[in-house]
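Asks: Here's a structure for you.
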Amino acid sequence: MNSLKIESTAITPEINFDIDNNTLSLLKVSKPENAIEFYKPLFDFIDRFETDVVKPKQIDQITVEFKFDYFNTSSAKIIHQLLTKFKKISRMGIKIDVNWYYPDDDEDMLEDGQMISEAQGMPFNYIAL
């Protein structure tokens, strides 16, 4: 299984699921016209990763990193759906670490992360940039 890499555009984030380090990173801006369609390859990849790597217990930890400059409402829904998938994986005995990066002068981005963490019942590590 190879890593997943999707380059960013002006309206879509860079997505990198590095299977060598078991790290998913989402970076920059997320405001695609059709979030479901844009993120479908990522969801499909996570499903394959779960089948090929998680279920056979080849790993014990995954790190998810959110480094958004901006994300819209439809992207927030996708973030919740992603974290729901990772909560399912965590119930299989895999530790999930979530790192939420935010500019140190952007209280709104910090609060967005705190609200998502609380809604998902998942602890986040908050890292000011």
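Ordering of the structure tokens sets the chain letters (A, B, ...); residue numbers start at 1 within each chain; ligands are numbered from 1 in the order shown.
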I'd like to know which residues of region 3-80 of chain A are alpha helix (DSSP H) (by DSSP, run on the backbone); could you write them as a list in words?
Replies: Ala35, Ile36, Glu37, Phe38, Tyr39, Lys40, Pro41, Leu42, Phe43, Asp44, Phe45, Ile46, Asp47, Arg48, Phe49, Thr73, Ser74, Ser75, Ala76, Lys77, Ile78, Ile79 and His80 of chain A
Asks: Using only C-alpha atoms, determine which residues lie at most 10 Å from Asp106 (chain A), disregarding the query and same-chain residues fewer than 3 positions distant; provide the list as a PDB file with all heavy atoms, in the first residue's frame.
Replies:
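Once everything was written out, this is out_24.pdb:
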ATOM      1  N   ASP A  69      -5.532  26.947   7.362  1.00  0.00           N
ATOM      2  CA  ASP A  69      -5.590  28.405   7.449  1.00  0.00           C
ATOM      3  C   ASP A  69      -7.051  28.832   7.500  1.00  0.00           C
ATOM      4  O   ASP A  69      -7.394  29.846   8.102  1.00  0.00           O
ATOM      5  CB  ASP A  69      -4.917  29.050   6.227  1.00  0.00           C
ATOM      6  CG  ASP A  69      -3.442  28.720   6.152  1.00  0.00           C
ATOM      7  OD1 ASP A  69      -2.789  28.600   7.209  1.00  0.00           O
ATOM      8  OD2 ASP A  69      -2.933  28.562   5.024  1.00  0.00           O
ATOM      9  N   TYR A 102      -2.780  26.004  14.895  1.00  0.00           N
ATOM     10  CA  TYR A 102      -3.467  27.265  14.649  1.00  0.00           C
ATOM     11  C   TYR A 102      -2.477  28.421  14.801  1.00  0.00           C
ATOM     12  O   TYR A 102      -1.534  28.322  15.589  1.00  0.00           O
ATOM     13  CB  TYR A 102      -4.639  27.442  15.637  1.00  0.00           C
ATOM     14  CG  TYR A 102      -4.196  27.563  17.077  1.00  0.00           C
ATOM     15  CD1 TYR A 102      -4.043  28.817  17.670  1.00  0.00           C
ATOM     16  CD2 TYR A 102      -3.897  26.432  17.826  1.00  0.00           C
ATOM     17  CE1 TYR A 102      -3.615  28.937  18.978  1.00  0.00           C
ATOM     18  CE2 TYR A 102      -3.462  26.547  19.128  1.00  0.00           C
ATOM     19  CZ  TYR A 102      -3.327  27.794  19.703  1.00  0.00           C
ATOM     20  OH  TYR A 102      -2.879  27.919  20.988  1.00  0.00           O
ATOM     21  N   PRO A 103      -2.679  29.492  14.017  1.00  0.00           N
ATOM     22  CA  PRO A 103      -1.817  30.674  14.205  1.00  0.00           C
ATOM     23  C   PRO A 103      -2.022  31.231  15.611  1.00  0.00           C
ATOM     24  O   PRO A 103      -3.161  31.303  16.091  1.00  0.00           O
ATOM     25  CB  PRO A 103      -2.319  31.656  13.141  1.00  0.00           C
ATOM     26  CG  PRO A 103      -3.015  30.793  12.131  1.00  0.00           C
ATOM     27  CD  PRO A 103      -3.604  29.655  12.910  1.00  0.00           C
ATOM     28  N   MET A 109      -9.662  29.975  15.135  1.00  0.00           N
ATOM     29  CA  MET A 109      -9.213  28.656  14.700  1.00  0.00           C
ATOM     30  C   MET A 109      -8.986  27.744  15.907  1.00  0.00           C
ATOM     31  O   MET A 109      -9.312  26.557  15.867  1.00  0.00           O
ATOM     32  CB  MET A 109      -7.944  28.769  13.852  1.00  0.00           C
ATOM     33  CG  MET A 109      -7.499  27.461  13.234  1.00  0.00           C
ATOM     34  SD  MET A 109      -8.679  26.712  12.086  1.00  0.00           S
ATOM     35  CE  MET A 109      -8.499  27.784  10.665  1.00  0.00           C
ATOM     36  N   LEU A 110      -8.450  28.282  16.988  1.00  0.00           N
ATOM     37  CA  LEU A 110      -8.284  27.507  18.217  1.00  0.00           C
ATOM     38  C   LEU A 110      -9.655  27.065  18.734  1.00  0.00           C
ATOM     39  O   LEU A 110      -9.855  25.886  19.065  1.00  0.00           O
ATOM     40  CB  LEU A 110      -7.551  28.322  19.278  1.00  0.00           C
ATOM     41  CG  LEU A 110      -7.477  27.687  20.678  1.00  0.00           C
ATOM     42  CD1 LEU A 110      -6.773  26.341  20.646  1.00  0.00           C
ATOM     43  CD2 LEU A 110      -6.800  28.659  21.647  1.00  0.00           C
ATOM     44  N   GLU A 111     -10.598  27.989  18.790  1.00  0.00           N
ATOM     45  CA  GLU A 111     -11.938  27.662  19.287  1.00  0.00           C
ATOM     46  C   GLU A 111     -12.639  26.644  18.390  1.00  0.00           C
ATOM     47  O   GLU A 111     -13.356  25.766  18.889  1.00  0.00           O
ATOM     48  CB  GLU A 111     -12.783  28.932  19.431  1.00  0.00           C
ATOM     49  CG  GLU A 111     -12.328  29.809  20.574  1.00  0.00           C
ATOM     50  CD  GLU A 111     -13.065  31.143  20.635  1.00  0.00           C
ATOM     51  OE1 GLU A 111     -14.035  31.342  19.890  1.00  0.00           O
ATOM     52  OE2 GLU A 111     -12.639  31.989  21.444  1.00  0.00           O
ATOM     53  N   ALA A 128       0.221  26.099  18.815  1.00  0.00           N
ATOM     54  CA  ALA A 128       0.257  27.444  18.231  1.00  0.00           C
ATOM     55  C   ALA A 128       1.445  27.561  17.287  1.00  0.00           C
ATOM     56  O   ALA A 128       2.531  27.065  17.571  1.00  0.00           O
ATOM     57  CB  ALA A 128       0.335  28.486  19.330  1.00  0.00           C
ATOM     58  N   LEU A 129       1.201  28.210  16.163  1.00  0.00           N
ATOM     59  CA  LEU A 129       2.268  28.435  15.177  1.00  0.00           C
ATOM     60  C   LEU A 129       2.735  29.876  15.231  1.00  0.00           C
ATOM     61  O   LEU A 129       2.016  30.769  15.546  1.00  0.00           O
ATOM     62  CB  LEU A 129       1.760  28.112  13.770  1.00  0.00           C
ATOM     63  CG  LEU A 129       1.286  26.683  13.554  1.00  0.00           C
ATOM     64  CD1 LEU A 129       0.642  26.531  12.189  1.00  0.00           C
ATOM     65  CD2 LEU A 129       2.461  25.722  13.688  1.00  0.00           C
TER      66      LEU A 129
END
Asks: Could you check the closest approach to Thr23 (chain A) for each of A:Val64, A:Ile11, A:Ile127, A:Met1 and tell me which residue wins, using only C-alpha atoms?
Replies: A:Val64
Asks: Just the residues within 7 Å of Ser30 (chain A), please, counting only C-alpha atoms, with nothing from its chain fewer than 2 positions along; format it as a PDB file with N, CA, C and O atoms, in the first residue's frame.
Replies:
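Now in part-v7.pdb:
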ATOM      1  N   ILE A  11      -8.557  26.405  -3.363  1.00  0.00           N
ATOM      2  CA  ILE A  11      -9.768  26.126  -2.572  1.00  0.00           C
ATOM      3  C   ILE A  11      -9.770  24.748  -1.908  1.00  0.00           C
ATOM      4  O   ILE A  11     -10.710  24.424  -1.176  1.00  0.00           O
ATOM      5  N   THR A  12      -8.726  23.958  -2.152  1.00  0.00           N
ATOM      6  CA  THR A  12      -8.682  22.625  -1.541  1.00  0.00           C
ATOM      7  C   THR A  12      -7.363  22.419  -0.809  1.00  0.00           C
ATOM      8  O   THR A  12      -6.331  22.965  -1.201  1.00  0.00           O
ATOM      9  N   PRO A  13      -7.387  21.624   0.248  1.00  0.00           N
ATOM     10  CA  PRO A  13      -6.181  21.446   1.050  1.00  0.00           C
ATOM     11  C   PRO A  13      -5.209  20.441   0.454  1.00  0.00           C
ATOM     12  O   PRO A  13      -5.577  19.616  -0.389  1.00  0.00           O
ATOM     13  N   LYS A  28      -3.597  23.937   4.885  1.00  0.00           N
ATOM     14  CA  LYS A  28      -3.935  25.141   4.132  1.00  0.00           C
ATOM     15  C   LYS A  28      -5.424  25.443   4.153  1.00  0.00           C
ATOM     16  O   LYS A  28      -5.997  25.582   5.212  1.00  0.00           O
ATOM     17  N   PRO A  32     -13.791  23.467  -0.752  1.00  0.00           N
ATOM     18  CA  PRO A  32     -14.133  22.927  -2.081  1.00  0.00           C
ATOM     19  C   PRO A  32     -15.620  23.140  -2.378  1.00  0.00           C
ATOM     20  O   PRO A  32     -16.441  23.218  -1.462  1.00  0.00           O
ATOM     21  N   TYR A  70      -7.885  28.028   6.829  1.00  0.00           N
ATOM     22  CA  TYR A  70      -9.325  28.313   6.766  1.00  0.00           C
ATOM     23  C   TYR A  70     -10.040  27.040   6.337  1.00  0.00           C
ATOM     24  O   TYR A  70      -9.507  26.258   5.535  1.00  0.00           O
ATOM     25  N   PHE A  71     -11.235  26.816   6.878  1.00  0.00           N
ATOM     26  CA  PHE A  71     -12.106  25.771   6.355  1.00  0.00           C
ATOM     27  C   PHE A  71     -13.550  26.243   6.471  1.00  0.00           C
ATOM     28  O   PHE A  71     -13.902  26.987   7.388  1.00  0.00           O
ATOM     29  N   ASN A  72     -14.376  25.814   5.509  1.00  0.00           N
ATOM     30  CA  ASN A  72     -15.770  26.251   5.499  1.00  0.00           C
ATOM     31  C   ASN A  72     -16.662  25.228   6.211  1.00  0.00           C
ATOM     32  O   ASN A  72     -16.191  24.213   6.726  1.00  0.00           O
ATOM     33  N   SER A  75     -16.607  21.661   4.968  1.00  0.00           N
ATOM     34  CA  SER A  75     -15.359  21.006   5.372  1.00  0.00           C
ATOM     35  C   SER A  75     -15.402  20.625   6.855  1.00  0.00           C
ATOM     36  O   SER A  75     -14.862  19.582   7.246  1.00  0.00           O
TER      37      SER A  75
END
Asks: Choose the residue, out of A:Ile19, A:Pro123, A:His80, A:Asn99, that has the smallest atom-to-atom separation from Arg48 (chain A); count only C-alpha atoms.
Replies: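 Among the listed residues, A:Ile19 lies closest to Arg48 (chain A).
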Asks: Would you please work out which residue, of A:Phe124, A:Phe17, A:Phe66, A:Phe38, is nearest to Ile79 (chain A) when using only C-alpha atoms?
Replies: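 The shortest atom-to-atom distance to Ile79 (chain A) comes from A:Phe66.
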Asks: Name the closest residue to Phe68 (chain A) among the candidates A:Met115, A:Leu24, A:Val29, A:Ile6; distances are taken between atoms, counting only C-alpha atoms.
Replies: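 Nearest candidate to Phe68 (chain A) out of A:Met115, A:Leu24, A:Val29, A:Ile6: A:Val29.
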